[in-house]
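Undergrad: So I've got this file, final.pdb, and it contains PDB, C-alpha atoms:
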ATOM      1  CA  MET A  16      17.265 101.587 -40.112
ATOM      2  CA  GLY A  17      17.747 102.853 -43.635
ATOM      3  CA  ILE A  18      17.266 101.437 -47.082
ATOM      4  CA  GLU A  19      20.751  99.875 -47.248
ATOM      5  CA  SER A  20      20.180  97.606 -44.311
ATOM      6  CA  ALA A  21      16.767  96.692 -45.621
ATOM      7  CA  LEU A  22      18.144  95.775 -49.040
ATOM      8  CA  GLY A  23      20.959  93.934 -47.377
ATOM      9  CA  GLU A  24      18.455  91.539 -45.931
ATOM     10  CA  GLY A  25      16.805  91.015 -49.324
ATOM     11  CA  TYR A  26      13.667  93.119 -49.156
ATOM     12  CA  LEU A  27      12.526  96.704 -49.116
ATOM     13  CA  THR A  28       9.446  98.389 -47.839
ATOM     14  CA  THR A  29       7.251 100.799 -49.780
ATOM     15  CA  ARG A  30       3.646 101.794 -50.193
ATOM     16  CA  LEU A  31       1.563  99.636 -52.506
ATOM     17  CA  ASP A  32       0.253 102.798 -54.161
ATOM     18  CA  LYS A  33       3.784 103.927 -54.974
ATOM     19  CA  LEU A  34       4.791 100.527 -56.287
ATOM     20  CA  ILE A  35       1.808 100.292 -58.615
ATOM     21  CA  ASN A  36       2.263 103.846 -59.842
ATOM     22  CA  TRP A  37       5.936 103.134 -60.477
ATOM     23  CA  GLY A  38       4.933 100.183 -62.592
ATOM     24  CA  ARG A  39       2.241 102.070 -64.455
ATOM     25  CA  ALA A  40       4.424 105.077 -65.111
ATOM     26  CA  ASN A  41       7.192 103.000 -66.628
ATOM     27  CA  ALA A  42       4.991 100.857 -68.820
ATOM     28  CA  ALA A  43       2.629 103.356 -70.398
ATOM     29  CA  TRP A  44       1.945 101.644 -73.681
ATOM     30  CA  PRO A  45       0.771 104.057 -76.350
ATOM     31  CA  MET A  46      -2.223 103.662 -78.606
ATOM     32  CA  PRO A  47      -1.066 105.331 -81.825
ATOM     33  CA  MET A  48      -3.828 107.433 -83.346
ATOM     34  CA  GLY A  49      -1.826 108.656 -86.319
ATOM     35  CA  LEU A  50      -4.065 110.831 -88.466
ATOM     36  CA  ALA A  51      -1.667 113.103 -90.330
ATOM     37  CA  CYS A  52       1.948 114.226 -90.580
ATOM     38  CA  CYS A  53       2.393 114.156 -86.775
ATOM     39  CA  ALA A  54       2.226 110.372 -87.084
ATOM     40  CA  ILE A  55       5.619 110.422 -88.815
ATOM     41  CA  GLU A  56       7.119 112.223 -85.825
ATOM     42  CA  MET A  57       5.349 109.765 -83.565
ATOM     43  CA  MET A  58       7.162 106.953 -85.386
ATOM     44  CA  ALA A  59      10.466 108.740 -84.843
ATOM     45  CA  PHE A  60       9.537 109.023 -81.183
ATOM     46  CA  ALA A  61       9.307 105.238 -81.028
ATOM     47  CA  GLY A  62      12.303 104.642 -83.271
ATOM     48  CA  PRO A  63      15.916 103.990 -82.250
ATOM     49  CA  LYS A  64      17.182 107.578 -82.343
ATOM     50  CA  TYR A  65      14.792 109.040 -79.789
ATOM     51  CA  ASP A  66      14.177 105.613 -78.294
ATOM     52  CA  VAL A  67      11.140 105.949 -76.122
ATOM     53  CA  SER A  68      11.796 102.456 -74.768
ATOM     54  CA  ARG A  69      13.990 104.265 -72.233
ATOM     55  CA  PHE A  70      10.664 105.337 -70.741
ATOM     56  CA  GLY A  71       8.942 102.014 -71.191
ATOM     57  CA  SER A  72       6.589 103.222 -73.912
ATOM     58  CA  GLU A  73       8.068 101.577 -76.973
ATOM     59  CA  VAL A  74       5.320  98.989 -77.296
ATOM     60  CA  PHE A  75       2.907 100.580 -79.736
ATOM     61  CA  ARG A  76      -0.250  98.582 -79.331
ATOM     62  CA  PHE A  77      -2.669  98.526 -82.209
ATOM     63  CA  SER A  78      -5.335  97.178 -79.931
ATOM     64  CA  PRO A  79      -6.999  99.660 -77.596
ATOM     65  CA  ARG A  80      -7.468  96.905 -75.023
ATOM     66  CA  GLN A  81      -3.725  96.656 -74.443
ATOM     67  CA  SER A  82      -2.805 100.312 -74.290
ATOM     68  CA  ASP A  83      -2.662 103.051 -71.672
ATOM     69  CA  VAL A  84      -1.832 106.312 -73.443
ATOM     70  CA  MET A  85      -3.601 107.462 -76.572
ATOM     71  CA  ILE A  86      -1.473 109.756 -78.731
ATOM     72  CA  VAL A  87      -3.794 111.691 -81.035
ATOM     73  CA  ALA A  88      -1.358 112.746 -83.743
ATOM     74  CA  GLY A  89      -2.983 114.875 -86.388
ATOM     75  CA  TRP A  90      -6.108 116.776 -87.290
ATOM     76  CA  THR A  91      -9.446 115.229 -86.449
ATOM     77  CA  THR A  92     -12.502 115.554 -88.633
ATOM     78  CA  TYR A  93     -15.967 115.335 -87.162
ATOM     79  CA  LYS A  94     -16.396 112.039 -88.955
ATOM     80  CA  MET A  95     -13.171 110.633 -87.487
ATOM     81  CA  SER A  96     -13.962 111.864 -83.976
ATOM     82  CA  HIS A  97     -16.564 109.135 -83.549
ATOM     83  CA  ALA A  98     -14.013 106.440 -84.361
ATOM     84  CA  ILE A  99     -11.474 107.973 -81.962
ATOM     85  CA  ARG A 100     -13.966 108.220 -79.127
ATOM     86  CA  ARG A 101     -15.019 104.639 -79.713
ATOM     87  CA  ILE A 102     -11.413 103.433 -79.506
ATOM     88  CA  TRP A 103     -10.887 105.584 -76.403
ATOM     89  CA  ASP A 104     -13.909 104.012 -74.748
ATOM     90  CA  GLN A 105     -12.470 100.577 -75.438
ATOM     91  CA  MET A 106      -9.203 101.342 -73.648
ATOM     92  CA  PRO A 107      -9.150  99.975 -70.104
ATOM     93  CA  ASP A 108      -8.834 102.388 -67.199
ATOM     94  CA  PRO A 109      -6.576 103.964 -66.092
ATOM     95  CA  LYS A 110      -5.804 105.744 -69.350
ATOM     96  CA  TRP A 111      -4.221 108.975 -70.445
ATOM     97  CA  CYS A 112      -4.270 111.059 -73.580
ATOM     98  CA  ILE A 113      -1.689 113.190 -75.396
ATOM     99  CA  ALA A 114      -2.950 115.734 -77.934
ATOM    100  CA  MET A 115       0.075 115.885 -80.216
ATOM    101  CA  GLY A 116       0.613 118.979 -82.324
ATOM    102  CA  ALA A 117      -1.307 122.151 -83.046
ATOM    103  CA  CYS A 118      -4.129 120.431 -84.936
ATOM    104  CA  ALA A 119      -5.004 117.913 -82.239
ATOM    105  CA  SER A 120      -4.706 120.583 -79.540
ATOM    106  CA  THR A 121      -6.672 123.420 -81.145
ATOM    107  CA  GLY A 122      -7.539 122.594 -84.741
ATOM    108  CA  GLY A 123      -4.381 124.398 -85.814
ATOM    109  CA  MET A 124      -4.351 125.726 -89.335
ATOM    110  CA  HIS A 125      -7.466 123.699 -90.178
ATOM    111  CA  ARG A 126      -9.837 126.425 -89.079
ATOM    112  CA  CYS A 127     -12.831 125.132 -91.002
ATOM    113  CA  TYR A 128     -16.197 123.456 -90.790
ATOM    114  CA  GLY A 129     -15.010 119.866 -91.087
ATOM    115  CA  VAL A 130     -12.300 119.746 -88.432
ATOM    116  CA  VAL A 131     -12.882 119.518 -84.680
ATOM    117  CA  GLN A 132     -11.175 122.526 -83.109
ATOM    118  CA  GLY A 133      -9.187 120.508 -80.577
ATOM    119  CA  VAL A 134      -9.690 116.918 -79.503
ATOM    120  CA  ASP A 135     -10.519 118.103 -75.972
ATOM    121  CA  ASN A 136     -14.013 118.668 -77.331
ATOM    122  CA  PHE A 137     -14.605 114.947 -76.951
ATOM    123  CA  LEU A 138     -11.590 113.459 -75.127
ATOM    124  CA  PRO A 139     -10.109 114.204 -71.685
ATOM    125  CA  VAL A 140      -6.635 115.348 -72.712
ATOM    126  CA  ASP A 141      -3.783 115.139 -70.177
ATOM    127  CA  ALA A 142      -0.933 116.677 -72.149
ATOM    128  CA  TYR A 143      -0.895 119.068 -75.080
ATOM    129  CA  VAL A 144       2.164 119.258 -77.295
ATOM    130  CA  SER A 145       2.755 122.392 -79.326
ATOM    131  CA  GLY A 146       4.432 122.343 -82.718
ATOM    132  CA  CYS A 147       3.520 121.626 -86.291
ATOM    133  CA  PRO A 148       4.572 118.882 -86.154
ATOM    134  CA  PRO A 149       6.293 118.700 -82.741
ATOM    135  CA  ARG A 150       9.734 117.198 -82.511
ATOM    136  CA  PRO A 151       9.912 113.699 -81.028
ATOM    137  CA  ASP A 152      11.630 115.160 -77.941
ATOM    138  CA  ALA A 153       8.548 117.254 -77.295
ATOM    139  CA  VAL A 154       6.403 114.133 -77.332
ATOM    140  CA  ILE A 155       8.828 112.468 -74.940
ATOM    141  CA  HIS A 156       8.471 115.527 -72.726
ATOM    142  CA  ALA A 157       4.695 115.107 -72.772
ATOM    143  CA  LEU A 158       5.126 111.454 -71.897
ATOM    144  CA  MET A 159       7.395 112.405 -68.974
ATOM    145  CA  LYS A 160       4.752 114.847 -67.763
ATOM    146  CA  ILE A 161       2.214 112.041 -67.885
ATOM    147  CA  GLN A 162       4.614 109.821 -65.947
ATOM    148  CA  ASP A 163       4.862 112.545 -63.293
ATOM    149  CA  LYS A 164       1.086 112.709 -63.223
ATOM    150  CA  ILE A 165       0.747 108.952 -62.887
ATOM    151  CA  LYS A 166       3.172 108.949 -59.977
ATOM    152  CA  THR A 167       1.056 111.420 -58.012
ATOM    153  CA  GLU A 168      -2.246 109.643 -58.596
ATOM    154  CA  HIS A 169      -3.979 107.299 -56.213
ATOM    155  CA  SER A 170      -4.028 103.820 -57.609
ATOM    156  CA  VAL A 171      -5.085 101.337 -54.936
ATOM    157  CA  LEU A 172      -6.170 103.795 -52.270
ATOM    158  CA  LEU A 173      -9.472 105.354 -53.086
ATOM    159  CA  ASP A 174      -9.495 109.110 -52.973
ATOM    160  CA  THR A 175     -12.317 109.433 -50.454
TER     161      THR A 175
ATOM    162  CA  MET B   4      -8.592 139.130-127.644
ATOM    163  CA  SER B   5      -7.195 136.825-130.271
ATOM    164  CA  LEU B   6      -6.940 133.192-129.355
ATOM    165  CA  GLU B   7      -3.755 131.198-129.615
ATOM    166  CA  LEU B   8      -5.030 127.758-130.432
ATOM    167  CA  ASN B   9      -2.962 124.742-131.363
ATOM    168  CA  ASP B  10      -4.244 122.256-133.942
ATOM    169  CA  THR B  11      -6.220 120.156-131.452
ATOM    170  CA  LEU B  12      -7.907 123.171-129.919
ATOM    171  CA  GLN B  13      -8.592 124.695-133.321
ATOM    172  CA  THR B  14     -10.260 121.439-134.389
ATOM    173  CA  LEU B  15     -12.221 121.463-131.145
ATOM    174  CA  VAL B  16     -13.469 125.017-131.555
ATOM    175  CA  ASP B  17     -14.284 124.456-135.235
ATOM    176  CA  GLY B  18     -16.096 121.220-134.431
ATOM    177  CA  LEU B  19     -18.139 122.832-131.659
ATOM    178  CA  THR B  20     -18.981 125.825-133.832
ATOM    179  CA  GLU B  21     -20.114 123.547-136.612
ATOM    180  CA  ASN B  22     -22.174 121.070-134.583
ATOM    181  CA  PHE B  23     -23.275 123.057-131.528
ATOM    182  CA  SER B  24     -23.312 126.645-132.758
ATOM    183  CA  ASP B  25     -26.426 127.484-130.732
ATOM    184  CA  LYS B  26     -24.986 125.906-127.566
ATOM    185  CA  LEU B  27     -21.564 127.478-127.625
ATOM    186  CA  ILE B  28     -21.475 130.661-125.532
ATOM    187  CA  GLU B  29     -17.859 131.744-125.445
ATOM    188  CA  VAL B  30     -14.290 130.576-125.907
ATOM    189  CA  TYR B  31     -11.525 132.374-124.063
ATOM    190  CA  GLN B  32      -8.000 131.858-122.839
ATOM    191  CA  SER B  33      -6.473 132.731-119.517
ATOM    192  CA  SER B  34      -3.089 131.852-117.980
ATOM    193  CA  GLY B  35      -2.314 129.575-120.907
ATOM    194  CA  ASP B  36      -5.494 127.513-120.559
ATOM    195  CA  THR B  37      -8.456 127.399-122.891
ATOM    196  CA  PHE B  38     -11.993 127.656-121.556
ATOM    197  CA  VAL B  39     -15.161 126.849-123.449
ATOM    198  CA  ARG B  40     -18.479 127.849-121.962
ATOM    199  CA  VAL B  41     -21.537 126.034-123.224
ATOM    200  CA  GLU B  42     -25.255 125.858-122.436
ATOM    201  CA  ALA B  43     -26.013 123.709-119.389
ATOM    202  CA  ASP B  44     -28.632 121.555-121.118
ATOM    203  CA  SER B  45     -26.168 120.426-123.783
ATOM    204  CA  ILE B  46     -23.372 119.186-121.537
ATOM    205  CA  LEU B  47     -24.087 115.482-122.070
ATOM    206  CA  GLU B  48     -24.264 115.768-125.871
ATOM    207  CA  ILE B  49     -21.104 117.857-126.004
ATOM    208  CA  SER B  50     -19.300 115.450-123.679
ATOM    209  CA  LYS B  51     -20.150 112.511-125.922
ATOM    210  CA  TYR B  52     -19.013 114.469-128.950
ATOM    211  CA  LEU B  53     -15.730 115.516-127.337
ATOM    212  CA  LYS B  54     -14.916 111.991-126.273
ATOM    213  CA  LYS B  55     -15.903 110.207-129.470
ATOM    214  CA  LYS B  56     -14.868 112.688-132.136
ATOM    215  CA  GLN B  57     -12.181 114.823-130.521
ATOM    216  CA  HIS B  58     -10.451 112.152-128.402
ATOM    217  CA  PHE B  59     -10.819 113.982-125.105
ATOM    218  CA  VAL B  60     -10.831 110.629-123.344
ATOM    219  CA  PHE B  61      -9.510 111.670-119.956
ATOM    220  CA  LEU B  62     -11.648 113.608-117.496
ATOM    221  CA  CYS B  63      -9.067 114.954-115.042
ATOM    222  CA  ASP B  64     -11.407 116.767-112.701
ATOM    223  CA  VAL B  65     -14.849 118.231-112.197
ATOM    224  CA  PHE B  66     -15.283 121.092-109.825
ATOM    225  CA  GLY B  67     -17.844 123.610-108.781
ATOM    226  CA  ASN B  68     -17.688 127.320-108.336
ATOM    227  CA  ASP B  69     -19.983 129.679-106.466
ATOM    228  CA  ARG B  70     -20.028 132.932-108.412
ATOM    229  CA  TYR B  71     -22.406 134.488-105.856
ATOM    230  CA  THR B  72     -24.399 136.267-108.531
ATOM    231  CA  SER B  73     -28.153 136.614-108.673
ATOM    232  CA  ASP B  74     -28.469 134.738-111.944
ATOM    233  CA  GLU B  75     -26.573 131.623-112.992
ATOM    234  CA  ARG B  76     -24.955 131.420-109.598
ATOM    235  CA  PHE B  77     -23.148 128.093-109.796
ATOM    236  CA  GLU B  78     -20.607 127.060-112.351
ATOM    237  CA  VAL B  79     -19.379 123.526-112.967
ATOM    238  CA  VAL B  80     -16.055 123.105-114.711
ATOM    239  CA  TYR B  81     -14.929 119.950-116.501
ATOM    240  CA  ASN B  82     -11.182 119.577-116.934
ATOM    241  CA  LEU B  83     -10.599 117.443-120.031
ATOM    242  CA  MET B  84      -7.471 116.082-121.612
ATOM    243  CA  ASN B  85      -6.771 114.833-125.096
ATOM    244  CA  LEU B  86      -4.277 112.038-124.496
ATOM    245  CA  ARG B  87      -3.219 111.858-128.125
ATOM    246  CA  THR B  88      -1.865 115.393-128.230
ATOM    247  CA  GLN B  89      -1.671 116.144-124.475
ATOM    248  CA  THR B  90      -4.024 119.082-124.855
ATOM    249  CA  ARG B  91      -6.153 120.334-122.013
ATOM    250  CA  VAL B  92      -9.443 122.162-122.240
ATOM    251  CA  PHE B  93     -11.877 123.352-119.592
ATOM    252  CA  ILE B  94     -15.593 123.099-120.338
ATOM    253  CA  LYS B  95     -17.819 125.325-118.208
ATOM    254  CA  VAL B  96     -21.544 125.338-117.618
ATOM    255  CA  ARG B  97     -23.585 127.610-115.388
ATOM    256  CA  VAL B  98     -26.722 126.737-113.440
ATOM    257  CA  GLU B  99     -29.236 128.763-111.491
ATOM    258  CA  GLU B 100     -29.329 128.989-107.715
ATOM    259  CA  GLU B 101     -32.916 127.747-107.632
ATOM    260  CA  ASN B 102     -32.843 123.962-108.088
ATOM    261  CA  PRO B 103     -29.400 123.626-109.729
ATOM    262  CA  THR B 104     -29.504 120.522-111.882
ATOM    263  CA  LEU B 105     -27.238 119.158-114.568
ATOM    264  CA  GLU B 106     -27.100 116.005-116.626
ATOM    265  CA  SER B 107     -24.463 113.634-115.259
ATOM    266  CA  VAL B 108     -21.577 112.828-117.576
ATOM    267  CA  SER B 109     -20.671 109.660-115.681
ATOM    268  CA  SER B 110     -22.076 107.619-118.570
ATOM    269  CA  VAL B 111     -19.386 109.157-120.786
ATOM    270  CA  TRP B 112     -16.454 109.252-118.374
ATOM    271  CA  LYS B 113     -16.711 106.872-115.452
ATOM    272  CA  ALA B 114     -14.342 109.097-113.473
ATOM    273  CA  ALA B 115     -17.061 111.713-113.229
ATOM    274  CA  GLY B 116     -18.914 109.648-110.643
ATOM    275  CA  TRP B 117     -17.001 110.653-107.546
ATOM    276  CA  ASN B 118     -16.191 114.138-108.832
ATOM    277  CA  GLU B 119     -19.856 114.881-109.368
ATOM    278  CA  ARG B 120     -20.612 113.561-105.915
ATOM    279  CA  GLU B 121     -18.095 116.043-104.551
ATOM    280  CA  VAL B 122     -19.698 118.938-106.450
ATOM    281  CA  TYR B 123     -23.071 117.839-105.118
ATOM    282  CA  ASP B 124     -21.680 117.566-101.579
ATOM    283  CA  MET B 125     -20.030 120.986-101.600
ATOM    284  CA  PHE B 126     -22.412 123.090-103.725
ATOM    285  CA  GLY B 127     -25.665 121.193-103.899
ATOM    286  CA  VAL B 128     -25.698 120.918-107.679
ATOM    287  CA  ARG B 129     -27.716 117.805-108.465
ATOM    288  CA  PHE B 130     -26.689 115.494-111.295
ATOM    289  CA  GLU B 131     -29.451 113.646-113.083
ATOM    290  CA  ASN B 132     -28.945 109.995-114.007
ATOM    291  CA  HIS B 133     -25.951 109.747-111.701
ATOM    292  CA  PRO B 134     -25.568 106.119-110.577
ATOM    293  CA  ASP B 135     -25.058 106.912-106.887
ATOM    294  CA  LEU B 136     -25.530 110.557-105.974
ATOM    295  CA  ARG B 137     -24.749 110.665-102.258
ATOM    296  CA  ARG B 138     -22.580 112.968-100.185
ATOM    297  CA  ILE B 139     -18.942 111.952-100.431
ATOM    298  CA  PHE B 140     -17.143 113.932 -97.689
ATOM    299  CA  MET B 141     -19.710 115.302 -95.266
ATOM    300  CA  PRO B 142     -21.909 113.095 -93.069
ATOM    301  CA  GLU B 143     -24.973 111.863 -94.920
ATOM    302  CA  ASP B 144     -27.413 113.679 -92.650
ATOM    303  CA  PHE B 145     -25.619 117.021 -93.054
ATOM    304  CA  GLU B 146     -28.085 119.672 -94.166
ATOM    305  CA  TYR B 147     -25.848 122.345 -95.699
ATOM    306  CA  PHE B 148     -23.516 122.757 -98.648
ATOM    307  CA  PRO B 149     -20.255 123.982 -97.115
ATOM    308  CA  MET B 150     -18.581 125.516-100.157
ATOM    309  CA  ARG B 151     -21.443 127.917-100.809
ATOM    310  CA  LYS B 152     -20.393 131.453-100.024
ATOM    311  CA  GLU B 153     -23.034 132.050 -97.371
ATOM    312  CA  PHE B 154     -21.814 129.078 -95.326
ATOM    313  CA  PRO B 155     -19.705 130.288 -92.368
ATOM    314  CA  LEU B 156     -16.023 129.336 -92.298
ATOM    315  CA  LEU B 157     -16.238 127.463 -89.014
ATOM    316  CA  GLY B 158     -19.478 125.751 -89.919
ATOM    317  CA  ILE B 159     -22.794 125.919 -88.140
ATOM    318  CA  PRO B 160     -22.382 124.964 -84.462
ATOM    319  CA  GLY B 161     -24.079 121.709 -83.661
ATOM    320  CA  SER B 162     -24.748 120.815 -87.283
ATOM    321  CA  ILE B 163     -22.344 117.879 -87.116
ATOM    322  CA  GLU B 164     -22.600 115.699 -84.069
ATOM    323  CA  LEU B 165     -19.620 115.099 -81.795
ATOM    324  CA  PRO B 166     -19.333 111.723 -80.067
ATOM    325  CA  ASN B 167     -21.041 111.128 -76.765
ATOM    326  CA  THR B 168     -18.478 111.765 -74.013
ATOM    327  CA  THR B 169     -20.317 109.870 -71.301
ATOM    328  CA  PRO B 170     -19.544 106.152 -71.350
ATOM    329  CA  ASP B 171     -22.561 103.869 -71.592
ATOM    330  CA  THR B 172     -21.873 102.385 -68.163
ATOM    331  CA  GLU B 173     -22.379 105.667 -66.313
TER     332      GLU B 173
END
Would you mind writing the structure in this file as structure tokens?

TA:
Amino acid sequence: MGIESALGEGYLTTRLDKLINWGRANAAWPMPMGLACCAIEMMAFAGPKYDVSRFGSEVFRFSPRQSDVMIVAGWTTYKMSHAIRRIWDQMPDPKWCIAMGACASTGGMHRCYGVVQGVDNFLPVDAYVSGCPPRPDAVIHALMKIQDKIKTEHSVLLDT
Amino acid sequence: MSLELNDTLQTLVDGLTENFSDKLIEVYQSSGDTFVRVEADSILEISKYLKKKQHFVFLCDVFGNDRYTSDERFEVVYNLMNLRTQTRVFIKVRVEEENPTLESVSSVWKAAGWNEREVYDMFGVRFENHPDLRRIFMPEDFEYFPMRKEFPLLGIPGSIELPNTTPDTE
């Protein structure tokens, strides 16, 4: 018994759920929703210095149909919220959402009539990142939290 | 208070006094800028005059102002520039709260188009003969004018619709 002997014979055993979650967690492609200055930090997050490809999320997809994690980076006006929700609805399940920065999380300093006070008013947010704007490491931390979340979810098995 | 006017501004004030003496209300200076307040019904004539005769060819900005007074509540300020001498002047007009209407100056300066739309969007001052007077920032079915003083800071709940959070398939 033991993993060594199993590998020695050229195969290993695992649960299908775990295998799929492992794959999903390490290939969470982001949908960049760059609306303001946070988008610059989001670019740094994908760039070579912070190098999010270590976590399998370097492939910024500009098509919602190919992405798994929406990063809402910046303040959201009521007018823009309709576009964001529409893109979110076009993303295939399973999907996750990061509210990046103070504005996306709570409205931030834009405490006024035109700005939605937090994107959780119309999106199911999985991770909130504080900061104005947050450092790229903080966004990576949020991504790692989402990876942890993905790994504990049911994927093939239905939660009945 | 004595005015410190350079040659361009002196010509401007003299010209306005000569041609529009009954329309000119006051000329004053503050923080190094010169302000000229005129009667609201003469804004189009004065604009044409300033552009043609005084070379104020560049309209930098138009903005509104809610003075929150019982008479002549709204003020519209035109920020003009003489590009020959780099001289700036602000022209002000005041309108009443009840049915605030002004003549559009977009026939004189094309740049006024969007600026006047913004003043209309934020304060509800209507501009007559404007080529396309629609809201510019707020949704078109929005019923309020958000820069008026009585409008609450966080807006009126439910006045702007949020997207539907239930997908169509459910």

Undergrad: Restrict the calculation to only C-alpha atoms, then for each residue of chain B with any atom at most 10 Å from an atom of chain A give the closest atom pair and their distance in Å to one decimal, rows by chain and rising residue number, as CSV.

TA:
residue,atom,partner,partner_atom,distance
B:Phe140,CA,A:Lys94,CA,9.0
B:Met141,CA,A:Gly129,CA,7.8
B:Pro142,CA,A:Lys94,CA,7.0
B:Pro149,CA,A:Tyr128,CA,7.5
B:Met150,CA,A:Tyr128,CA,9.9
B:Phe154,CA,A:Tyr128,CA,9.2
B:Pro155,CA,A:Tyr128,CA,7.8
B:Leu156,CA,A:Cys127,CA,5.4
B:Leu157,CA,A:Tyr128,CA,4.4
B:Gly158,CA,A:Tyr128,CA,4.1
B:Ile159,CA,A:Tyr128,CA,7.5
B:Pro160,CA,A:Tyr128,CA,9.0
B:Ser162,CA,A:Tyr128,CA,9.6
B:Ile163,CA,A:Tyr93,CA,6.9
B:Glu164,CA,A:Tyr93,CA,7.3
B:Leu165,CA,A:Tyr93,CA,6.5
B:Pro166,CA,A:His97,CA,5.1
B:Asn167,CA,A:Phe137,CA,7.5
B:Thr168,CA,A:Phe137,CA,5.8
B:Thr169,CA,A:Asp104,CA,9.3
B:Pro170,CA,A:Asp104,CA,6.9
B:Asp171,CA,A:Asp104,CA,9.2

Undergrad: Which residues would end up in the selection if the PyMOL selection byres ((chain A and resi 161) around 10) were applied here, given that I need the answer as a ChimeraX atom specification?

TA: /A:40,43,84,111-113,141-142,155-160,162-167

Undergrad: Could you check how far CA of Phe61 in chain B sits from CA of Val80 in chain B, in Å to one decimal?

TA: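 Result for CA of Phe61 in chain B versus CA of Val80 in chain B: 14.2 Å, one decimal.
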
Undergrad: Can you turn the PyMOL selection byres ((chain A and resi 31-39) around 6) into a concrete residue list for this file, as an NGL selection string?

TA: :A and (30 or 40-42 or 166 or 170-171)

Undergrad: Kindly resolve the PyMOL selection byres ((chain B and resi 54) around 12) on the present coordinates and return the residues as a short mmCIF file (atom, residue, chain, number, x, y, z; two decimals) with C-alpha atoms, in the frame of the given file.

TA:
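Generated file (selection.cif):
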data_model
loop_
_atom_site.label_atom_id
_atom_site.label_comp_id
_atom_site.auth_asym_id
_atom_site.auth_seq_id
_atom_site.Cartn_x
_atom_site.Cartn_y
_atom_site.Cartn_z
CA LEU B 15 -12.22 121.46 -131.15
CA LEU B 47 -24.09 115.48 -122.07
CA GLU B 48 -24.26 115.77 -125.87
CA ILE B 49 -21.10 117.86 -126.00
CA SER B 50 -19.30 115.45 -123.68
CA LYS B 51 -20.15 112.51 -125.92
CA TYR B 52 -19.01 114.47 -128.95
CA LEU B 53 -15.73 115.52 -127.34
CA LYS B 55 -15.90 110.21 -129.47
CA LYS B 56 -14.87 112.69 -132.14
CA GLN B 57 -12.18 114.82 -130.52
CA HIS B 58 -10.45 112.15 -128.40
CA PHE B 59 -10.82 113.98 -125.10
CA VAL B 60 -10.83 110.63 -123.34
CA PHE B 61 -9.51 111.67 -119.96
CA LEU B 62 -11.65 113.61 -117.50
CA LEU B 83 -10.60 117.44 -120.03
CA MET B 84 -7.47 116.08 -121.61
CA ASN B 85 -6.77 114.83 -125.10
CA LEU B 86 -4.28 112.04 -124.50
CA ARG B 87 -3.22 111.86 -128.12
CA VAL B 108 -21.58 112.83 -117.58
CA SER B 110 -22.08 107.62 -118.57
CA VAL B 111 -19.39 109.16 -120.79
CA TRP B 112 -16.45 109.25 -118.37
#

Undergrad: Which residue gives the smallest distance to Asp10 in chain B among B:Asn118, B:Asn102, B:Asn132, B:Gln89, with only C-alpha atoms counted?

TA: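 When distances to Asp10 in chain B are compared using only C-alpha atoms, the smallest one comes from B:Gln89.
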
Undergrad: Could you give me the axis-aligned bounding box of range 84-91 of chain B, with 4 Å of padding per side, as centre plus edge lengths in Å to one decimal, as JSON?

TA:
{"center_x": -4.6, "center_y": 116.1, "center_z": -124.9, "size_x": 13.8, "size_y": 16.5, "size_z": 14.6}

Undergrad: If you count all atoms listed in the file, which residues fall within 7 Å of Gly146 in chain A, apart from same-chain ones fewer than 2 positions away, as a list in words?

TA: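 Non-adjacent residues within range: Gly116, Ala117, Val144, Pro148 and Pro149 of chain A.
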
Undergrad: Include C-alpha atoms and write out the residues we just selected as a compact mmCIF listing (two decimals), in the frame of the given file.

TA:
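The result, stored in out_11.txt:
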# COMPACT_ATOMS: atom_id res chain seq x y z
CA GLY A 116 0.61 118.98 -82.32
CA ALA A 117 -1.31 122.15 -83.05
CA VAL A 144 2.16 119.26 -77.30
CA PRO A 148 4.57 118.88 -86.15
CA PRO A 149 6.29 118.70 -82.74

Undergrad: Could you list, as a list in words, every residue within 10 Å of Val65 in chain B, counting all atoms listed in the file and ignoring same-chain residues fewer than 5 positions away?

TA: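 Within the cut-off, the hits are Val79, Val80, Tyr81, Asn82, Leu83, Phe93, Ile94, Lys95, Ala114, Ala115, Gly116, Trp117, Asn118, Glu119, Arg120, Glu121 and Val122 of chain B.
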
Undergrad: Applying 9 Å and all atoms listed in the file, which residues near range 124-129 of chain B remain after dropping the ones on its own chain fewer than 4 positions away? List them as a ChimeraX atom specification.

TA: /B:67-69,77,79,98,100,102-107,119-120,133,136-141,147-151

Undergrad: Which distance in Å separates CA of Ile55 in chain A and CA of Arg150 in chain A, to one decimal?

TA: 10.1 Å

Undergrad: Let me make sure I understand: among B:Leu6, B:Ser33, B:Thr72, B:Ile46, which one has the smallest atom-to-atom distance to Leu19 in chain B if we use all atoms listed in the file?

TA: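 Between B:Leu6, B:Ser33, B:Thr72, B:Ile46, the residue approaching Leu19 in chain B most closely is B:Ile46.
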
Undergrad: What is the distance, in Å and to one decimal place, between CA of Lys110 in chain A and CA of Asp83 in chain A?

TA: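 Here the two named atoms are 4.7 Å from each other.
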
Undergrad: Quick one: of A:Ala59, A:Ala51, A:Met115, A:Ile102, who's nearest to Val87 in chain A, counting all atoms listed in the file?

TA: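 Using all atoms listed in the file, the shortest distance to Val87 in chain A belongs to A:Met115.
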